[in-house]
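Participant: I'm passing along work_22.csv; it holds CSV, C-alpha atoms and all ligand atoms.
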chain,number,residue,atom,x,y,z
A,291,MET,CA,73.8,130.9,105.8
A,292,ILE,CA,73.7,127.1,105.4
A,293,PRO,CA,72.4,125.3,108.5
A,294,SER,CA,74.9,123.2,110.4
A,295,ILE,CA,72.9,120.2,109.3
A,296,LEU,CA,73.1,119.9,105.5
A,297,PRO,CA,69.5,120.9,104.5
A,298,THR,CA,68.6,117.9,102.4
A,299,TYR,CA,65.4,117.3,104.4
A,300,ASN,CA,62.3,119.5,105.0
A,301,ARG,CA,61.9,118.7,108.6
A,302,ALA,CA,58.7,119.0,110.6
A,303,PRO,CA,58.9,121.3,113.6
A,304,LEU,CA,58.8,118.4,116.0
A,305,SER,CA,61.6,117.1,118.2
A,306,PHE,CA,60.8,113.8,119.9
A,307,GLU,CA,62.6,113.1,123.1
A,308,ARG,CA,61.4,109.7,124.0
A,309,GLY,CA,59.6,106.7,122.7
A,310,GLU,CA,57.4,104.1,124.4
A,311,GLY,CA,56.0,101.3,122.3
A,312,ALA,CA,53.8,103.0,119.7
A,313,TRP,CA,54.2,106.4,121.3
A,314,LEU,CA,56.5,109.3,120.6
A,315,VAL,CA,56.9,111.9,123.3
A,316,GLU,CA,57.7,115.5,122.1
A,317,ALA,CA,60.1,117.7,124.0
A,318,ASP,CA,57.1,119.8,125.2
A,319,GLY,CA,55.4,116.6,126.6
A,320,ARG,CA,52.8,116.0,123.8
A,321,ARG,CA,52.3,112.3,123.1
A,322,PHE,CA,52.0,111.3,119.5
A,323,LEU,CA,50.8,107.9,118.2
A,324,ASP,CA,53.5,106.7,115.9
A,325,LEU,CA,52.2,105.3,112.6
A,326,GLY,CA,55.5,105.9,110.9
A,327,ALA,CA,57.9,103.8,113.0
A,328,GLY,CA,60.8,105.8,111.6
A,329,ILE,CA,59.7,104.7,108.1
A,330,ALA,CA,59.1,101.0,108.9
A,331,VAL,CA,62.2,100.7,111.1
A,332,ASN,CA,60.9,100.4,114.7
A,333,ALA,CA,59.3,97.0,114.1
A,334,LEU,CA,59.0,96.3,117.8
A,335,GLY,CA,58.2,99.9,118.7
A,336,HIS,CA,60.2,102.2,120.8
A,337,ALA,CA,62.3,101.1,123.8
A,338,HIS,CA,61.3,97.4,123.6
A,339,PRO,CA,62.7,95.8,126.7
A,340,ALA,CA,64.2,92.8,124.7
A,341,LEU,CA,66.1,95.2,122.4
A,342,ILE,CA,67.4,97.3,125.2
A,343,ALA,CA,68.6,94.2,127.1
A,344,ALA,CA,70.3,92.9,123.9
A,345,LEU,CA,72.0,96.2,123.3
A,346,GLU,CA,73.0,96.8,126.9
A,347,ALA,CA,74.4,93.3,127.3
A,348,GLN,CA,76.5,93.6,124.1
A,349,ALA,CA,77.6,97.2,124.9
A,350,GLY,CA,79.2,96.0,128.1
A,351,LYS,CA,81.1,93.3,126.2
A,352,LEU,CA,82.4,94.4,122.8
A,353,TRP,CA,81.3,97.1,120.4
A,354,HIS,CA,83.4,96.5,117.3
A,355,VAL,CA,86.2,94.3,116.1
A,356,SER,CA,86.1,94.4,112.2
A,357,ASN,CA,85.2,91.6,109.8
A,358,LEU,CA,88.9,90.5,109.9
A,359,TYR,CA,87.7,88.3,112.8
A,360,ARG,CA,84.8,86.0,113.5
A,361,ILE,CA,81.9,87.7,115.1
A,362,PRO,CA,79.6,85.3,117.1
A,363,GLU,CA,76.6,87.6,117.1
A,364,GLN,CA,76.9,88.0,113.3
A,365,GLN,CA,77.1,84.2,112.9
A,366,ARG,CA,74.0,83.8,115.1
A,367,LEU,CA,72.0,86.3,113.1
A,368,ALA,CA,73.1,84.8,109.8
A,369,ASP,CA,72.0,81.4,111.0
A,370,GLN,CA,68.7,82.7,112.1
A,371,LEU,CA,68.1,84.4,108.7
A,372,VAL,CA,69.3,81.3,106.7
A,373,GLY,CA,67.1,79.1,108.9
A,374,ALA,CA,64.0,81.2,108.4
A,375,THR,CA,64.3,82.0,104.6
A,376,PHE,CA,65.2,80.8,101.1
A,377,ALA,CA,68.8,82.0,101.7
A,378,ASP,CA,72.0,80.0,102.0
A,379,THR,CA,74.2,83.0,102.9
A,380,VAL,CA,74.0,86.5,104.3
A,381,PHE,CA,76.2,89.7,104.0
A,382,PHE,CA,75.5,92.3,106.6
A,383,THR,CA,75.3,96.0,105.7
A,384,ASN,CA,74.4,99.2,107.6
A,385,SER,CA,71.5,100.4,105.4
A,386,GLY,CA,69.1,99.6,102.6
A,387,THR,CA,71.2,101.5,100.0
A,388,GLU,CA,74.3,99.5,100.9
A,389,SER,CA,72.2,96.3,100.4
A,390,CYS,CA,71.3,97.6,97.0
A,391,GLU,CA,75.0,98.2,96.1
A,392,LEU,CA,75.8,94.6,97.0
A,393,ALA,CA,72.8,93.1,95.3
A,394,VAL,CA,73.8,94.8,92.1
A,395,LYS,CA,77.4,93.8,92.4
A,396,MET,CA,76.5,90.2,93.2
A,397,ALA,CA,74.2,89.8,90.2
A,398,ARG,CA,76.9,91.2,87.8
A,399,LYS,CA,79.7,89.2,89.3
A,400,TYR,CA,77.6,86.0,89.0
A,401,TRP,CA,77.4,86.4,85.3
A,402,TYR,CA,81.0,87.6,85.0
A,403,ASP,CA,82.2,84.4,86.6
A,404,LYS,CA,80.0,82.4,84.3
A,405,GLY,CA,81.9,83.9,81.4
A,406,GLN,CA,78.9,85.9,80.3
A,407,THR,CA,80.6,89.3,80.7
A,408,GLU,CA,78.0,91.1,78.5
A,409,ARG,CA,75.2,90.1,80.9
A,410,THR,CA,75.1,93.3,83.1
A,411,GLU,CA,71.7,94.8,82.6
A,412,ILE,CA,69.3,95.0,85.5
A,413,ILE,CA,65.6,95.6,84.8
A,414,THR,CA,63.8,97.9,87.3
A,415,PHE,CA,60.4,99.5,87.6
A,416,SER,CA,58.9,103.0,87.7
A,417,GLY,CA,57.9,104.3,91.1
A,418,SER,CA,60.6,102.1,92.8
A,419,PHE,CA,63.0,103.2,95.4
A,420,HIS,CA,66.3,101.5,96.2
A,421,GLY,CA,68.2,104.1,98.1
A,422,ARG,CA,70.3,107.2,97.5
A,423,SER,CA,73.7,105.8,96.5
A,424,SER,CA,74.8,106.0,92.8
A,425,ALA,CA,73.5,102.5,92.2
A,426,GLY,CA,70.3,103.1,94.1
A,427,ILE,CA,69.3,106.3,92.2
A,428,ALA,CA,70.3,104.7,88.9
A,429,ALA,CA,68.2,101.6,89.7
A,430,ALA,CA,65.1,103.7,90.5
A,431,GLY,CA,65.8,106.0,87.6
A,432,SER,CA,63.4,108.7,88.5
A,433,GLU,CA,64.2,112.2,87.1
A,434,LYS,CA,63.8,113.7,90.6
A,435,MET,CA,66.5,111.6,92.1
A,436,ILE,CA,69.1,111.5,89.3
A,437,LYS,CA,68.8,115.2,88.1
A,438,GLY,CA,72.2,116.9,88.6
A,439,PHE,CA,74.1,113.8,89.6
A,440,ALA,CA,75.4,112.7,86.2
A,441,PRO,CA,77.2,110.6,85.2
A,442,ILE,CA,74.6,108.1,86.3
A,443,LEU,CA,75.6,104.5,86.8
A,444,GLY,CA,74.7,102.6,83.6
A,445,GLY,CA,73.2,99.2,83.0
A,446,PHE,CA,69.6,99.7,84.2
A,447,THR,CA,66.5,99.3,82.0
A,448,HIS,CA,63.4,101.0,83.4
A,449,ILE,CA,60.0,99.5,82.8
A,450,ASP,CA,56.6,101.0,83.7
A,451,TRP,CA,55.3,99.2,86.8
A,452,GLY,CA,52.6,96.7,85.6
A,453,ASP,CA,53.5,96.8,81.9
A,454,HIS,CA,53.9,93.1,81.3
A,455,GLU,CA,54.5,93.4,77.6
A,456,ALA,CA,57.2,96.0,78.0
A,457,LEU,CA,58.9,93.7,80.6
A,458,LYS,CA,58.9,90.7,78.3
A,459,ALA,CA,60.3,92.8,75.4
A,460,ALA,CA,63.0,94.2,77.7
A,461,VAL,CA,64.5,90.8,78.5
A,462,THR,CA,67.6,90.1,76.3
A,463,ASP,CA,70.6,88.0,76.5
A,464,ARG,CA,72.3,90.9,78.3
A,465,THR,CA,69.8,90.8,81.2
A,466,ALA,CA,71.5,89.9,84.4
A,467,ALA,CA,68.7,90.4,86.9
A,468,ILE,CA,65.2,91.8,87.6
A,469,LEU,CA,65.0,94.0,90.7
A,470,ILE,CA,61.7,94.8,92.3
A,471,GLU,CA,60.0,95.7,95.6
A,472,PRO,CA,57.2,93.2,96.3
A,473,VAL,CA,55.4,96.2,97.8
A,474,GLN,CA,56.5,99.6,96.7
A,475,GLY,CA,57.0,101.9,99.7
A,476,GLU,CA,58.2,105.3,98.7
A,477,GLY,CA,56.3,104.8,95.4
A,478,GLY,CA,53.0,104.9,97.3
A,479,ILE,CA,52.3,101.5,98.9
A,480,ARG,CA,51.7,99.5,95.8
A,481,PRO,CA,51.6,95.8,96.4
A,482,LEU,CA,52.7,93.6,93.5
A,483,PRO,CA,49.8,91.1,93.0
A,484,ASP,CA,50.9,87.5,93.8
A,485,GLN,CA,50.3,86.5,90.2
A,486,CYS,CA,52.8,89.1,89.0
A,487,LEU,CA,55.5,88.0,91.4
A,488,LYS,CA,54.9,84.4,90.3
A,489,GLY,CA,55.1,85.5,86.7
A,490,LEU,CA,58.3,87.3,87.4
A,491,ARG,CA,59.8,84.2,88.9
A,492,ALA,CA,58.7,82.2,85.9
A,493,LEU,CA,60.2,84.7,83.5
A,494,CYS,CA,63.5,84.7,85.4
A,495,ASP,CA,63.6,80.9,85.4
A,496,GLU,CA,62.8,80.7,81.7
A,497,HIS,CA,65.7,83.0,80.8
A,498,GLY,CA,68.1,82.1,83.6
A,499,ILE,CA,67.8,85.6,85.1
A,500,LEU,CA,68.4,86.4,88.7
A,501,LEU,CA,65.4,87.7,90.7
A,502,ILE,CA,66.4,90.4,93.2
A,503,LEU,CA,63.7,91.4,95.7
A,504,ASP,CA,64.1,94.7,97.6
A,505,GLU,CA,62.4,93.9,101.0
A,506,VAL,CA,64.0,96.8,102.7
A,507,GLN,CA,60.7,98.4,103.6
A,508,CYS,CA,58.2,95.5,103.2
A,509,GLY,CA,60.3,92.8,104.9
A,510,VAL,CA,60.8,91.7,108.5
A,511,GLY,CA,57.1,90.9,109.4
A,512,ARG,CA,55.7,94.2,108.0
A,513,THR,CA,53.2,92.5,105.7
A,514,GLY,CA,52.3,89.7,108.1
A,515,ARG,CA,54.8,87.2,106.7
A,516,LEU,CA,58.5,87.3,107.7
A,517,PHE,CA,59.2,88.4,104.1
A,518,ALA,CA,56.5,89.7,101.7
A,519,HIS,CA,57.4,87.4,98.8
A,520,GLU,CA,56.2,84.4,101.0
A,521,TRP,CA,52.6,85.5,100.2
A,522,ALA,CA,53.2,84.6,96.5
A,523,GLY,CA,54.9,81.3,97.4
A,524,ILE,CA,58.0,82.1,95.4
A,525,THR,CA,61.6,82.7,96.4
A,526,PRO,CA,64.1,85.2,95.0
A,527,ASP,CA,67.8,84.6,94.3
A,528,ILE,CA,68.9,87.7,96.1
A,529,MET,CA,67.1,89.8,98.7
A,530,MET,CA,67.8,93.2,100.1
A,531,VAL,CA,66.9,93.8,103.7
A,532,ALA,CA,67.4,96.7,106.2
A,533,LYS,CA,65.1,98.9,108.3
A,534,GLY,CA,63.0,96.5,110.5
A,535,ILE,CA,65.8,94.0,111.0
A,536,GLY,CA,67.7,96.4,113.3
A,537,GLY,CA,64.6,97.6,115.1
A,538,GLY,CA,66.2,101.1,115.1
A,539,PHE,CA,69.8,100.1,115.1
A,540,PRO,CA,71.4,100.8,111.7
A,541,LEU,CA,71.5,97.3,110.2
A,542,GLY,CA,70.9,95.8,106.8
A,543,ALA,CA,71.6,92.5,105.0
A,544,VAL,CA,71.8,90.9,101.6
A,545,LEU,CA,70.4,87.3,101.6
A,546,ALA,CA,71.2,85.0,98.7
A,547,THR,CA,71.2,81.5,97.4
A,548,GLU,CA,74.5,79.7,97.2
A,549,GLU,CA,74.3,79.8,93.4
A,550,ALA,CA,73.6,83.5,93.2
A,551,ALA,CA,76.3,84.4,95.7
A,552,SER,CA,78.9,82.2,94.0
A,553,GLY,CA,80.9,85.1,92.6
A,554,MET,CA,81.4,86.8,95.9
A,555,THR,CA,84.6,85.3,97.1
A,556,ALA,CA,87.1,86.7,99.6
A,557,GLY,CA,88.1,90.2,98.8
A,558,THR,CA,85.2,91.0,96.4
A,559,HIS,CA,83.2,93.0,98.9
A,560,GLY,CA,83.5,94.4,102.4
A,561,SER,CA,82.2,96.8,105.0
A,562,THR,CA,83.9,98.2,108.2
A,563,TYR,CA,80.8,98.3,110.2
A,564,GLY,CA,78.6,95.7,108.5
A,565,GLY,CA,77.6,93.0,110.9
A,566,ASN,CA,79.1,94.7,113.9
A,567,PRO,CA,78.4,93.0,117.2
A,568,LEU,CA,76.0,95.7,118.5
A,569,GLY,CA,73.8,95.7,115.4
A,570,CYS,CA,73.8,91.9,115.2
A,571,ALA,CA,73.0,91.5,118.9
A,572,VAL,CA,69.9,93.7,118.4
A,573,GLY,CA,69.1,92.0,115.1
A,574,CYS,CA,69.0,88.6,116.8
A,575,ALA,CA,66.5,89.9,119.4
A,576,VAL,CA,64.3,91.4,116.6
A,577,MET,CA,64.4,88.0,114.8
A,578,ASP,CA,63.5,86.1,118.0
A,579,HIS,CA,60.2,88.0,118.0
A,580,VAL,CA,59.4,88.7,114.4
A,581,ALA,CA,60.1,85.2,113.1
A,582,ASP,CA,57.7,83.6,115.6
A,583,PRO,CA,54.6,82.4,113.8
A,584,ALA,CA,52.4,83.6,116.7
A,585,PHE,CA,53.8,87.1,116.4
A,586,LEU,CA,53.1,87.1,112.6
A,587,ALA,CA,49.6,85.8,113.2
A,588,GLU,CA,49.0,88.8,115.5
A,589,VAL,CA,50.4,91.2,112.9
A,590,ASN,CA,47.8,89.8,110.5
A,591,ARG,CA,45.0,90.1,112.9
A,592,LYS,CA,45.9,93.7,113.8
A,593,ALA,CA,46.3,94.5,110.1
A,594,GLY,CA,42.8,93.3,109.5
A,595,LEU,CA,41.5,95.5,112.3
A,596,LEU,CA,43.4,98.6,111.2
A,597,ARG,CA,42.3,98.1,107.6
A,598,GLN,CA,38.7,97.7,108.5
A,599,LYS,CA,38.8,100.9,110.5
A,600,LEU,CA,40.6,102.7,107.7
A,601,GLU,CA,37.9,101.7,105.2
A,602,GLY,CA,35.4,103.4,107.5
A,603,LEU,CA,37.6,106.5,107.7
A,604,VAL,CA,37.8,106.7,103.9
A,605,ALA,CA,34.0,106.3,103.6
A,606,ALA,CA,33.5,109.1,106.2
A,607,HIS,CA,35.9,111.5,104.5
A,608,PRO,CA,35.4,111.3,100.8
A,609,ASP,CA,36.9,114.8,100.3
A,610,VAL,CA,40.1,113.8,101.9
A,611,PHE,CA,40.6,110.1,101.1
A,612,GLU,CA,40.1,108.0,98.0
A,613,GLU,CA,41.1,104.5,99.1
A,614,VAL,CA,43.1,102.3,101.5
A,615,ARG,CA,45.7,100.0,100.0
A,616,GLY,CA,48.6,97.8,101.0
A,617,LEU,CA,49.4,94.6,102.8
A,618,GLY,CA,49.6,93.8,106.5
A,619,LEU,CA,50.7,96.8,108.5
A,620,MET,CA,52.1,98.5,105.4
A,621,LEU,CA,49.1,100.5,104.5
A,622,GLY,CA,48.5,103.6,102.3
A,623,LEU,CA,45.7,106.2,102.3
A,624,LYS,CA,45.4,107.6,98.8
A,625,CYS,CA,44.5,111.3,99.4
A,626,LYS,CA,42.7,114.0,97.5
A,627,PRO,CA,44.7,117.0,98.9
A,628,ALA,CA,48.5,116.8,98.9
A,629,PRO,CA,49.8,114.1,101.3
A,630,ALA,CA,51.9,116.7,103.1
A,631,GLU,CA,48.6,118.5,104.1
A,632,VAL,CA,47.2,115.3,105.6
A,633,VAL,CA,50.5,114.5,107.4
A,634,ASN,CA,50.5,118.1,108.9
A,635,ALA,CA,46.8,117.7,110.0
A,636,GLY,CA,47.9,114.5,111.6
A,637,TYR,CA,50.6,116.3,113.5
A,638,ALA,CA,48.0,118.7,114.8
A,639,ALA,CA,45.9,115.7,116.0
A,640,GLU,CA,49.1,114.1,117.5
A,641,VAL,CA,49.4,111.2,115.1
A,642,VAL,CA,52.5,110.6,113.0
A,643,THR,CA,52.2,109.4,109.4
A,644,VAL,CA,54.6,109.5,106.4
A,645,PRO,CA,54.0,110.9,102.9
A,646,ALA,CA,54.8,108.9,99.8
A,647,ALA,CA,54.5,109.4,96.0
A,648,ASP,CA,51.2,108.9,94.1
A,649,ASN,CA,49.4,111.2,96.6
A,650,VAL,CA,49.6,108.6,99.4
A,651,VAL,CA,50.1,108.8,103.1
A,652,ARG,CA,51.8,105.8,104.6
A,653,LEU,CA,50.8,104.0,107.8
A,654,LEU,CA,53.6,101.8,109.0
A,655,PRO,CA,53.0,101.4,112.7
A,656,PRO,CA,55.2,99.4,115.0
A,657,LEU,CA,54.2,95.7,114.5
A,658,THR,CA,53.5,95.6,118.3
A,659,ILE,CA,50.8,98.3,118.2
A,660,SER,CA,47.8,97.3,120.4
A,661,ASP,CA,44.1,97.1,119.5
A,662,GLU,CA,43.4,100.1,121.7
A,663,GLU,CA,46.2,102.1,120.0
A,664,ILE,CA,44.8,101.2,116.6
A,665,ALA,CA,41.4,102.5,117.6
A,666,GLU,CA,43.0,105.7,119.1
A,667,ALA,CA,45.1,106.2,116.0
A,668,VAL,CA,42.1,106.1,113.7
A,669,THR,CA,40.2,108.5,116.0
A,670,ARG,CA,43.1,110.9,115.7
A,671,LEU,CA,43.2,110.4,111.9
A,672,ASP,CA,39.4,111.1,111.8
A,673,ALA,CA,40.0,114.4,113.8
A,674,ALA,CA,42.8,115.3,111.3
A,675,ALA,CA,40.5,114.7,108.3
A,676,THR,CA,37.7,116.6,109.9
A,677,ALA,CA,39.9,119.6,110.5
A,678,LEU,CA,41.3,119.4,107.0
A,679,THR,CA,37.8,119.3,105.5
A,680,HIS,CA,36.9,122.5,107.4
A,681,GLU,CA,40.1,124.1,106.2
A,682,MET,CA,39.5,123.2,102.6
A,683,ALA,CA,35.8,124.4,102.7
B,1,LIG,C1,62.5,99.7,99.3
B,1,LIG,C2,63.7,100.5,99.8
B,1,LIG,N1,64.9,100.2,99.3
B,1,LIG,C3,66.0,100.8,99.8
B,1,LIG,C4,65.9,101.9,100.7
B,1,LIG,C5,67.1,102.6,101.1
B,1,LIG,O1,67.4,102.3,102.5
B,1,LIG,P1,68.3,103.2,103.4
B,1,LIG,O2,67.6,104.5,103.5
B,1,LIG,O3,68.4,102.4,104.7
B,1,LIG,O4,69.6,103.4,102.7
B,1,LIG,C6,64.6,102.2,101.2
B,1,LIG,C7,64.5,103.3,102.1
B,1,LIG,O5,63.4,103.9,102.3
B,1,LIG,C8,63.5,101.5,100.7
B,1,LIG,O6,62.3,101.8,101.1
When written as C-alpha cells, how does the structure in this file appear?
Ligand SMILES: Cc1ncc(COP(=O)(O)O)c(C=O)c1O

Facilitator:
Amino acid sequence: MIPSILPTYNRAPLSFERGEGAWLVEADGRRFLDLGAGIAVNALGHAHPALIAALEAQAGKLWHVSNLYRIPEQQRLADQLVGATFADTVFFTNSGTESCELAVKMARKYWYDKGQTERTEIITFSGSFHGRSSAGIAAAGSEKMIKGFAPILGGFTHIDWGDHEALKAAVTDRTAAILIEPVQGEGGIRPLPDQCLKGLRALCDEHGILLILDEVQCGVGRTGRLFAHEWAGITPDIMMVAKGIGGGFPLGAVLATEEAASGMTAGTHGSTYGGNPLGCAVGCAVMDHVADPAFLAEVNRKAGLLRQKLEGLVAAHPDVFEEVRGLGLMLGLKCKPAPAEVVNAGYAAEVVTVPAADNVVRLLPPLTISDEEIAEAVTRLDAAATALTHEMA
C-alpha cells in the first residue's frame, strides 16, 4: 500500500523534535551535531532568537495579503538585497526551483523584447542541479532526473563541466544565457575556479549573452562571501537565491540588473505566496546578520578551522576518505565507500551530513557553528570513519 506521504524520498529512521543552534534533538533525546543545516538552509542554525522574534512579531500583525498590494517587509528585504549586491531589482519566490523558473523566463523574455525571438537557448553544465520543476530538470539534463518525464522542456544545451572548448563551440546567435552554479552542491561540492567564472563573464560580454548564476545553495554567506561569485570579482545579470535567505522559512528570490529584468513588466510573472510578509520578515533578519562583514569574517575563520581539521581526518582515514574540497562552510568529503554508508555511520555517531553525487558527503553546517562544535563534529566524524573501517575490514 502506498504510504500516506508520497514515497519520493528514502528517509533516514530519524525524527528530530527540536533544534538548538547547530544541534538537532531526536524524539528519543539523542543530540546530533547538524552538519547538514537542512541542506544549507538553516544559515543561522536552529531556533535563532532574532529569527524567532522576527517571525513572532510578524505573525501577530499580518500573515498574508497578496502581491496585489504593497508589502513593506518585502520592500525592506528587496532594498537590503539591492543594497548589498549587483542587483537593481528582486522578485521573491518560495523555493529554488521557482527561482529557476523565473530566471529562465526572464532571460528568454529579454531577448524576445529585443526582437531576437530566436535567441532562446540556455547553456548549462553536467552535474548541475537547478530544482525539480520542468525547467529545473530540463536545465540540469541528467538522465536520472528527466527519465519518464517527457516531453522535456526544450532550449537547453548541456556542456561537460570544465570543457572550455565545448562551451565556446556551443555559443551561437541563438544563445540567450549561460546558467551555472558557482559551487555545484548536489553535483558533489565542485567550486568553479575564479578564473573560469571570470572567463564565463568575458564570454557572455563578448557575445552579449546573459549570465545567470544559481546561488541557491552556495549563496547567503555559505562560502564566506555574501554571494559566492564575489570571490571571482564578477557580477551576473540574473541570480537565483533560496535556502539560506529564509533561514528555514520557505523563501527564494531572483535578483537581476535593470537591463536583464527589462522584459518582466506587469502581468508577465507572479506568485501567490512569493514575498509574503512572514517570509520577508524572517529574510530581513537573516540579512541583518549574514550581510554583516564581521559575520562573514567569522564564517571564513571557522571555515579555515573546519577545513584544517578535515584534512587531518582524511589523512587519518585513507580507506574512507580521498579528499576535502569546497569553499567556506560548503565542504565535501570525497569518499571511497558509497556516501550513504558514510552518512549512516555518521548517524550512528550522532552527526548529520548529506550525501551528494560524485561519491561526496556534504558538510554544510549552520554558519553560526562554534569552534567547540566544529571540534566535536570532527571527533564524531572520526568515530564514524573508524567504525566504518572496522565494518569494511
Ligand atoms: C543549486 C540549486 N538550485 C536549485 C535548487 C532547488 O531548490 P528548491 O529545492 O528550493 O526548489 C537546489 C536545491 O537543492 C540547489 O541546490

Participant: As JSON, numbers by chain, please: every protein or nucleic acid residue near ligand LIG 1 (chain B) (cut-off 9 Å, counting all atoms listed in the file).

Facilitator: {"A": [329, 330, 384, 385, 386, 387, 388, 389, 390, 418, 419, 420, 421, 422, 423, 426, 470, 471, 472, 473, 474, 475, 476, 477, 504, 505, 506, 507, 508, 530, 531, 532, 533, 540, 541, 542]}

Participant: Let me make sure I understand: among A:Ile292, A:Met554, A:Ala312, A:Ala374, which one has the smallest atom-to-atom distance to Ala581 in chain A if we use only C-alpha atoms?

Facilitator: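 Among A:Ile292, A:Met554, A:Ala312, A:Ala374, it is A:Ala374 that comes nearest to Ala581 in chain A.
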
Participant: Using only C-alpha atoms, can you tell me which of A:Val461, A:Val641, A:Val576, A:Thr379 comes closest to Asp527 in chain A?

Facilitator: A:Thr379

Participant: Compare A:Pro483, A:Lys437, A:Pro656, A:Ser432 by their minimum atom-to-atom distance to Gly452 in chain A, counting only C-alpha atoms, and give me the closest one.

Facilitator: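 Nearest candidate to Gly452 in chain A out of A:Pro483, A:Lys437, A:Pro656, A:Ser432: A:Pro483.
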
Participant: What does the structure give for the distance between CA of Phe322 in chain A and CA of Glu640 in chain A, in Å to one decimal?

Facilitator: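 Going from CA of Phe322 in chain A over to CA of Glu640 in chain A covers 4.5 Å.
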
Participant: Tell me, counting all atoms listed in the file, for each residue of range 317-353 of chain A within 12 Å of range 307-310 of chain A, which pair of atoms is nearest and how far apart they are in Å to one decimal, in rows ordered by chain and increasing number, as a Markdown table.

Facilitator:
| residue | atom | partner | partner_atom | distance |
| --- | --- | --- | --- | --- |
| A:Ala317 | CA | A:Glu307 | CA | 5.3 |
| A:Asp318 | CA | A:Glu307 | CA | 8.9 |
| A:Gly319 | CA | A:Glu307 | CA | 8.7 |
| A:Arg320 | CA | A:Glu307 | CA | 10.2 |
| A:Arg321 | CA | A:Gly309 | CA | 9.2 |
| A:Phe322 | CA | A:Gly309 | CA | 9.4 |
| A:Leu323 | CA | A:Glu310 | CA | 9.8 |
| A:Asp324 | CA | A:Gly309 | CA | 9.1 |
| A:Ala327 | CA | A:Gly309 | CA | 10.3 |
| A:Gly328 | CA | A:Gly309 | CA | 11.2 |
| A:Asn332 | CA | A:Gly309 | CA | 10.3 |
| A:Leu334 | CA | A:Glu310 | CA | 10.3 |
| A:Gly335 | CA | A:Glu310 | CA | 7.1 |
| A:His336 | CA | A:Gly309 | CA | 4.9 |
| A:Ala337 | CA | A:Glu310 | CA | 5.8 |
| A:His338 | CA | A:Glu310 | CA | 7.8 |
| A:Pro339 | CA | A:Glu310 | CA | 10.1 |

Participant: Can you write out the residues you just picked, keeping C-alpha atoms, as an mmCIF file, keeping the file's coordinate frame?

Facilitator:
data_model
loop_
_atom_site.group_PDB
_atom_site.id
_atom_site.type_symbol
_atom_site.label_atom_id
_atom_site.label_comp_id
_atom_site.auth_asym_id
_atom_site.auth_seq_id
_atom_site.Cartn_x
_atom_site.Cartn_y
_atom_site.Cartn_z
ATOM 1 C CA ALA A 317 60.100 117.700 124.000
ATOM 2 C CA ASP A 318 57.100 119.800 125.200
ATOM 3 C CA GLY A 319 55.400 116.600 126.600
ATOM 4 C CA ARG A 320 52.800 116.000 123.800
ATOM 5 C CA ARG A 321 52.300 112.300 123.100
ATOM 6 C CA PHE A 322 52.000 111.300 119.500
ATOM 7 C CA LEU A 323 50.800 107.900 118.200
ATOM 8 C CA ASP A 324 53.500 106.700 115.900
ATOM 9 C CA ALA A 327 57.900 103.800 113.000
ATOM 10 C CA GLY A 328 60.800 105.800 111.600
ATOM 11 C CA ASN A 332 60.900 100.400 114.700
ATOM 12 C CA LEU A 334 59.000 96.300 117.800
ATOM 13 C CA GLY A 335 58.200 99.900 118.700
ATOM 14 C CA HIS A 336 60.200 102.200 120.800
ATOM 15 C CA ALA A 337 62.300 101.100 123.800
ATOM 16 C CA HIS A 338 61.300 97.400 123.600
ATOM 17 C CA PRO A 339 62.700 95.800 126.700
#

Participant: Considering all atoms listed in the file, can you say which of A:Phe439, A:Tyr637, A:Phe306, A:Phe585 comes closest to Ile659 in chain A?

Facilitator: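 Between A:Phe439, A:Tyr637, A:Phe306, A:Phe585, the residue approaching Ile659 in chain A most closely is A:Phe585.
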
Participant: Grab the CA of Ile479 in chain A to CA of Val644 in chain A distance for me, in Å with one decimal place.

Facilitator: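 A separation of 11.2 Å between them.
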
Participant: Identify which of the residues A:Leu503, A:Ala340, A:Ala571, A:Ala638 lies closest to Leu352 in chain A, counting all atoms listed in the file when measuring atom-to-atom distances.

Facilitator: A:Ala571

Participant: From the set A:Leu500, A:Leu487, A:Gly536, A:Trp401, which residue has the shortest atom-to-atom contact distance to His519 in chain A, counting only C-alpha atoms?

Facilitator: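 Smallest separation from His519 in chain A among the options: A:Leu487.
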
Participant: Can you put N, CA, C and O atoms back into range 410-416 of chain A and show it as an mmCIF file, in the coordinates of the input?

Facilitator:
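Contents of result.cif, as written:
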data_model
loop_
_atom_site.group_PDB
_atom_site.id
_atom_site.type_symbol
_atom_site.label_atom_id
_atom_site.label_comp_id
_atom_site.auth_asym_id
_atom_site.auth_seq_id
_atom_site.Cartn_x
_atom_site.Cartn_y
_atom_site.Cartn_z
ATOM 1 N N THR A 410 74.997 92.295 81.983
ATOM 2 C CA THR A 410 75.100 93.300 83.100
ATOM 3 C C THR A 410 73.861 94.065 83.346
ATOM 4 O O THR A 410 73.791 94.787 84.337
ATOM 5 N N GLU A 411 72.885 93.971 82.446
ATOM 6 C CA GLU A 411 71.700 94.800 82.600
ATOM 7 C C GLU A 411 70.765 94.352 83.687
ATOM 8 O O GLU A 411 70.529 93.153 83.860
ATOM 9 N N ILE A 412 70.230 95.312 84.408
ATOM 10 C CA ILE A 412 69.300 95.000 85.500
ATOM 11 C C ILE A 412 67.970 95.742 85.165
ATOM 12 O O ILE A 412 67.978 96.963 84.945
ATOM 13 N N ILE A 413 66.893 94.997 85.119
ATOM 14 C CA ILE A 413 65.600 95.600 84.800
ATOM 15 C C ILE A 413 64.941 96.068 86.132
ATOM 16 O O ILE A 413 64.888 95.318 87.112
ATOM 17 N N THR A 414 64.480 97.323 86.132
ATOM 18 C CA THR A 414 63.800 97.900 87.300
ATOM 19 C C THR A 414 62.508 98.562 86.900
ATOM 20 O O THR A 414 62.203 98.612 85.701
ATOM 21 N N PHE A 415 61.779 99.107 87.855
ATOM 22 C CA PHE A 415 60.400 99.500 87.600
ATOM 23 C C PHE A 415 60.126 100.975 88.032
ATOM 24 O O PHE A 415 60.681 101.427 89.045
ATOM 25 N N SER A 416 59.223 101.639 87.306
ATOM 26 C CA SER A 416 58.900 103.000 87.700
ATOM 27 C C SER A 416 58.246 103.049 89.052
ATOM 28 O O SER A 416 57.565 102.095 89.461
#
